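Read the structure below first, then the notes.
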Amino acid sequence: MNWLSRFFTAQPELTPEQAQRLAAWQALPAADLRQSFSQSRYVVVDVETSGLNLVKDHLIAIGAVAVQAGKINFADSLEIVLQQRHASDRDNILIHGIGGTAQEEGVQPVEALLLFLEYLGKSPLIAFHVEFDETMVRRALKSKIGMDLKHPWADLAYIAPALYPDLARQFRALDDWTNYFGIRNYARHNALADALSTAQLFLALSERMAEKAIENYKELQELDKAQRWVNRIS
């Protein structure tokens with residue numbers, strides 16, 4: 001490998017049709033983050049990866065479901081496995097259940113990521129532990145499509161303890177919160193199943209949001225930010 005290659009990475013090559021689809025997505029108007037929950041569409045997302053290393057591991061699957069007008073829209077969901085050159089190791093497969101054949105026969109990565117963007121539109125994103133999901137999605141988009149995703153995210157891992165401070169010290173994981181609210185997960189560590197559980201958690205938290213007059217996504221982001229500050233100083 002030429003030493004200069006360490007400083008330059010090849011730019012992804014999109015077909016004219018793919019480039020047109022990407023341009024169409026980029027041209028969509030941004031969502032109004034101050035629009036009320038009852039009038040908005042949000043996309044709740046979860047990912048499965050080859051491991052937990054944010055630098056070395058890579059995206060295997062995306063699961064997403066929409067919350068629209070304050071309800072989960074089961075018909076408005078996405079589950080997609082990105083084609084892998086080599087399947088992840090056995091221990092990793094045992095976690096997410098996406099076998100070697102399914103990985104190697106998945107959707108070609110550029111196509112998979114374009115399908116995700118088209119499904120997402122410009123709807124704001126919600127996840128649990130956003131840093132991981134956002135980093136893995138952004139890295140995939142950067143390496144496969146050549147775009148830097150700048151999109152609004154809200155993190156229920158901060159929002160839930162902000163709404164229930166008395167539970168903040170004992171509840172850390174998604175399972176802690178879903179168990180507390182009696183939310184069942186039909187296939188833990190399946191991207192779509194985890195996205196659905198996260199969406200149900202979002203709705204379970206909505207009553208407390210209403211009590212605190214949190215009525216839109218922008219206010220949800222502000223609550224997220226405030227809790228991050230509390231965590232830093234406590």
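In the structure tokens, the first chain shown is A, the next is B, and so on; residue numbers restart at 1 for each chain, and ligands run from 1 in the order shown.
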Near-Arg188 in chain A list (9 Å; only C-alpha atoms; drop same-chain fewer than 6 positions) as a ChimeraX atom specification: /A:95-96,194
Writer output for current selection, all heavy atoms, as a compact mmCIF listing (two decimals), in the first residue's frame:
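That gives us part-v3.txt:
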# COMPACT_ATOMS: atom_id res chain seq x y z
N ILE A 95 -25.57 -12.75 19.03
CA ILE A 95 -26.24 -11.61 19.68
C ILE A 95 -27.42 -11.13 18.84
O ILE A 95 -28.55 -11.02 19.33
CB ILE A 95 -25.24 -10.46 19.92
CG1 ILE A 95 -24.20 -10.88 20.94
CG2 ILE A 95 -25.97 -9.20 20.38
CD1 ILE A 95 -23.06 -9.88 21.11
N HIS A 96 -27.17 -10.82 17.57
CA HIS A 96 -28.25 -10.22 16.77
C HIS A 96 -29.01 -11.22 15.90
O HIS A 96 -30.07 -10.89 15.36
CB HIS A 96 -27.71 -9.07 15.90
CG HIS A 96 -26.52 -9.43 15.06
ND1 HIS A 96 -26.54 -10.42 14.11
CD2 HIS A 96 -25.28 -8.89 15.03
CE1 HIS A 96 -25.37 -10.48 13.51
NE2 HIS A 96 -24.57 -9.58 14.06
N ASP A 194 -36.09 -3.84 18.59
CA ASP A 194 -35.58 -2.86 19.54
C ASP A 194 -36.08 -1.45 19.21
O ASP A 194 -36.35 -0.65 20.11
CB ASP A 194 -34.05 -2.88 19.57
CG ASP A 194 -33.50 -4.12 20.29
OD1 ASP A 194 -34.30 -4.83 20.92
OD2 ASP A 194 -32.29 -4.35 20.22
Report the closest atom pair, with its distance in Å rounded to one decimal, for each residue of range 95-163 of chain A that has an atom no farther than 8 Å from range 62-83 of chain A; count only C-alpha atoms, sort by chain and then rising residue number, and write it as JSON lines.
{"residue": "A:Ala102", "atom": "CA", "partner": "A:Val81", "partner_atom": "CA", "distance": 7.6}
{"residue": "A:Gln103", "atom": "CA", "partner": "A:Gln83", "partner_atom": "CA", "distance": 5.4}
{"residue": "A:Glu104", "atom": "CA", "partner": "A:Gln83", "partner_atom": "CA", "distance": 5.2}
{"residue": "A:Glu105", "atom": "CA", "partner": "A:Gln83", "partner_atom": "CA", "distance": 5.8}
{"residue": "A:Gly106", "atom": "CA", "partner": "A:Gln83", "partner_atom": "CA", "distance": 3.9}
{"residue": "A:Val107", "atom": "CA", "partner": "A:Leu82", "partner_atom": "CA", "distance": 5.0}
{"residue": "A:Gln108", "atom": "CA", "partner": "A:Gln83", "partner_atom": "CA", "distance": 5.2}
{"residue": "A:Pro109", "atom": "CA", "partner": "A:Leu82", "partner_atom": "CA", "distance": 5.2}
{"residue": "A:Ala112", "atom": "CA", "partner": "A:Leu82", "partner_atom": "CA", "distance": 6.1}
{"residue": "A:Phe116", "atom": "CA", "partner": "A:Leu78", "partner_atom": "CA", "distance": 7.6}
{"residue": "A:Tyr119", "atom": "CA", "partner": "A:Leu78", "partner_atom": "CA", "distance": 7.4}
Give me the residues of range 39-140 of chain A that have any atom at most 7 Å from an atom of range 153-170 of chain A; for each, the nearest atom pair and the distance in Å, rounded to one decimal. Use only C-alpha atoms, sort by chain and number, and format it as a Markdown table.
| residue | atom | partner | partner_atom | distance |
| --- | --- | --- | --- | --- |
| A:Pro124 | CA | A:Trp153 | CA | 6.1 |
| A:Leu125 | CA | A:Trp153 | CA | 4.6 |
| A:Ile126 | CA | A:Ala154 | CA | 4.9 |
| A:Ala127 | CA | A:Asp155 | CA | 5.4 |
| A:Phe128 | CA | A:Leu156 | CA | 5.0 |
| A:His129 | CA | A:Ala157 | CA | 5.5 |
| A:Val130 | CA | A:Asp155 | CA | 5.4 |
Test item: residues at most 10 Å from Pro152 in chain A, only C-alpha atoms, excluding those fewer than 6 positions along its chain, as a count of residues only: 11
Long-range neighbours of Ala195 in chain A as a ChimeraX atom specification, 6 Å cut-off, only C-alpha atoms, 4 positions minimum in chain: /A:44-46,64
Write a file of the selected residues as a compact mmCIF listing (two decimals), in the first residue's frame, keeping N, CA and C atoms.
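Ended up saving to out.txt:
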# COMPACT_ATOMS: atom_id res chain seq x y z
N VAL A 44 -38.09 6.30 14.89
CA VAL A 44 -37.34 5.67 15.98
C VAL A 44 -36.47 4.59 15.36
N VAL A 45 -35.18 4.64 15.66
CA VAL A 45 -34.23 3.78 14.96
C VAL A 45 -33.37 2.98 15.92
N ASP A 46 -32.96 1.80 15.47
CA ASP A 46 -31.99 0.99 16.19
C ASP A 46 -31.14 0.28 15.14
N ALA A 64 -36.30 0.50 11.88
CA ALA A 64 -36.91 1.80 12.17
C ALA A 64 -38.42 1.69 12.10
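Distance check against Asp175 in chain A using only C-alpha atoms: of A:Leu201, A:Val43, A:Ile214, A:Leu28, the minimum falls on A:Leu201.
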Spatial neighbours of Asn53 in chain A, max dist 10 Å, only C-alpha atoms, sep filter under 5 positions, as a PDB file with N, CA and C atoms, in the first residue's frame:
ATOM      1  N   HIS A  58     -18.712  -2.157  11.974  1.00  0.00           N
ATOM      2  CA  HIS A  58     -19.499  -1.607  10.878  1.00  0.00           C
ATOM      3  C   HIS A  58     -20.977  -1.998  10.997  1.00  0.00           C
ATOM      4  N   PHE A 132     -24.170   5.800  19.802  1.00  0.00           N
ATOM      5  CA  PHE A 132     -23.792   4.604  19.067  1.00  0.00           C
ATOM      6  C   PHE A 132     -24.515   4.532  17.725  1.00  0.00           C
ATOM      7  N   MET A 136     -22.662   5.006  13.971  1.00  0.00           N
ATOM      8  CA  MET A 136     -22.600   3.914  13.007  1.00  0.00           C
ATOM      9  C   MET A 136     -23.329   4.260  11.707  1.00  0.00           C
TER      10      MET A 136
END
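Of the listed residues A:Ser234, A:Glu211, A:Asn185, A:Leu59, the one whose atoms come nearest to Leu141 in chain A is A:Leu59, with distances taken using only C-alpha atoms.
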Atom pair CA of Gln35 in chain A / CA of Glu222 in chain A: separation (Å): 14.6 Å
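Among the candidates A:Leu114, A:Leu203, A:Ala187, A:Val47, the one nearest to Gln20 in chain A when counting only C-alpha atoms is A:Leu114.
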DSSP alpha helix (DSSP H) residues within range 28-150 of chain A, as a VMD selection string: chain A and resid 90 to 96 100 to 104 109 to 120 130 to 144
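Each of A:Leu220, A:Gly97, A:Ala213, A:Trp177 was checked against Asn190 in chain A using only C-alpha atoms; the smallest atom-to-atom distance is that of A:Gly97.
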Which residue of A:Ala173, A:Leu196, A:Ile60, A:Leu149 approaches Thr135 in chain A most closely, using only C-alpha atoms: A:Leu149
In range 76-180 of chain A, DSSP strand (DSSP E or B) residues written as a PyMOL selection string: chain A and resi 76-82+107+125-127+153-155
Generate the output file for the selected residues, C-alpha atoms, as a CSV table (one decimal), in the first residue's frame.
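Result written to result10.csv:
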chain,number,residue,atom,x,y,z
A,76,ASP,CA,-44.6,2.7,8.4
A,77,SER,CA,-41.5,0.7,9.3
A,78,LEU,CA,-38.2,-0.4,7.8
A,79,GLU,CA,-35.9,-3.4,8.4
A,80,ILE,CA,-32.9,-3.8,6.2
A,81,VAL,CA,-29.7,-5.9,6.3
A,82,LEU,CA,-26.7,-4.4,4.6
A,107,VAL,CA,-29.0,-5.4,0.3
A,125,LEU,CA,-34.8,10.7,14.8
A,126,ILE,CA,-35.3,9.1,18.2
A,127,ALA,CA,-33.1,6.4,19.7
A,153,TRP,CA,-31.6,13.2,17.1
A,154,ALA,CA,-33.2,12.9,20.5
A,155,ASP,CA,-31.9,10.4,23.1
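Counting only C-alpha atoms and comparing A:Ser36, A:Ile145, A:Val55, A:Ile233, the residue that lies closest to Glu219 in chain A is A:Ser36.
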Atomic distance CA of Ser88 in chain A - CA of His189 in chain A, expressed in Å with one decimal: 15.0 Å
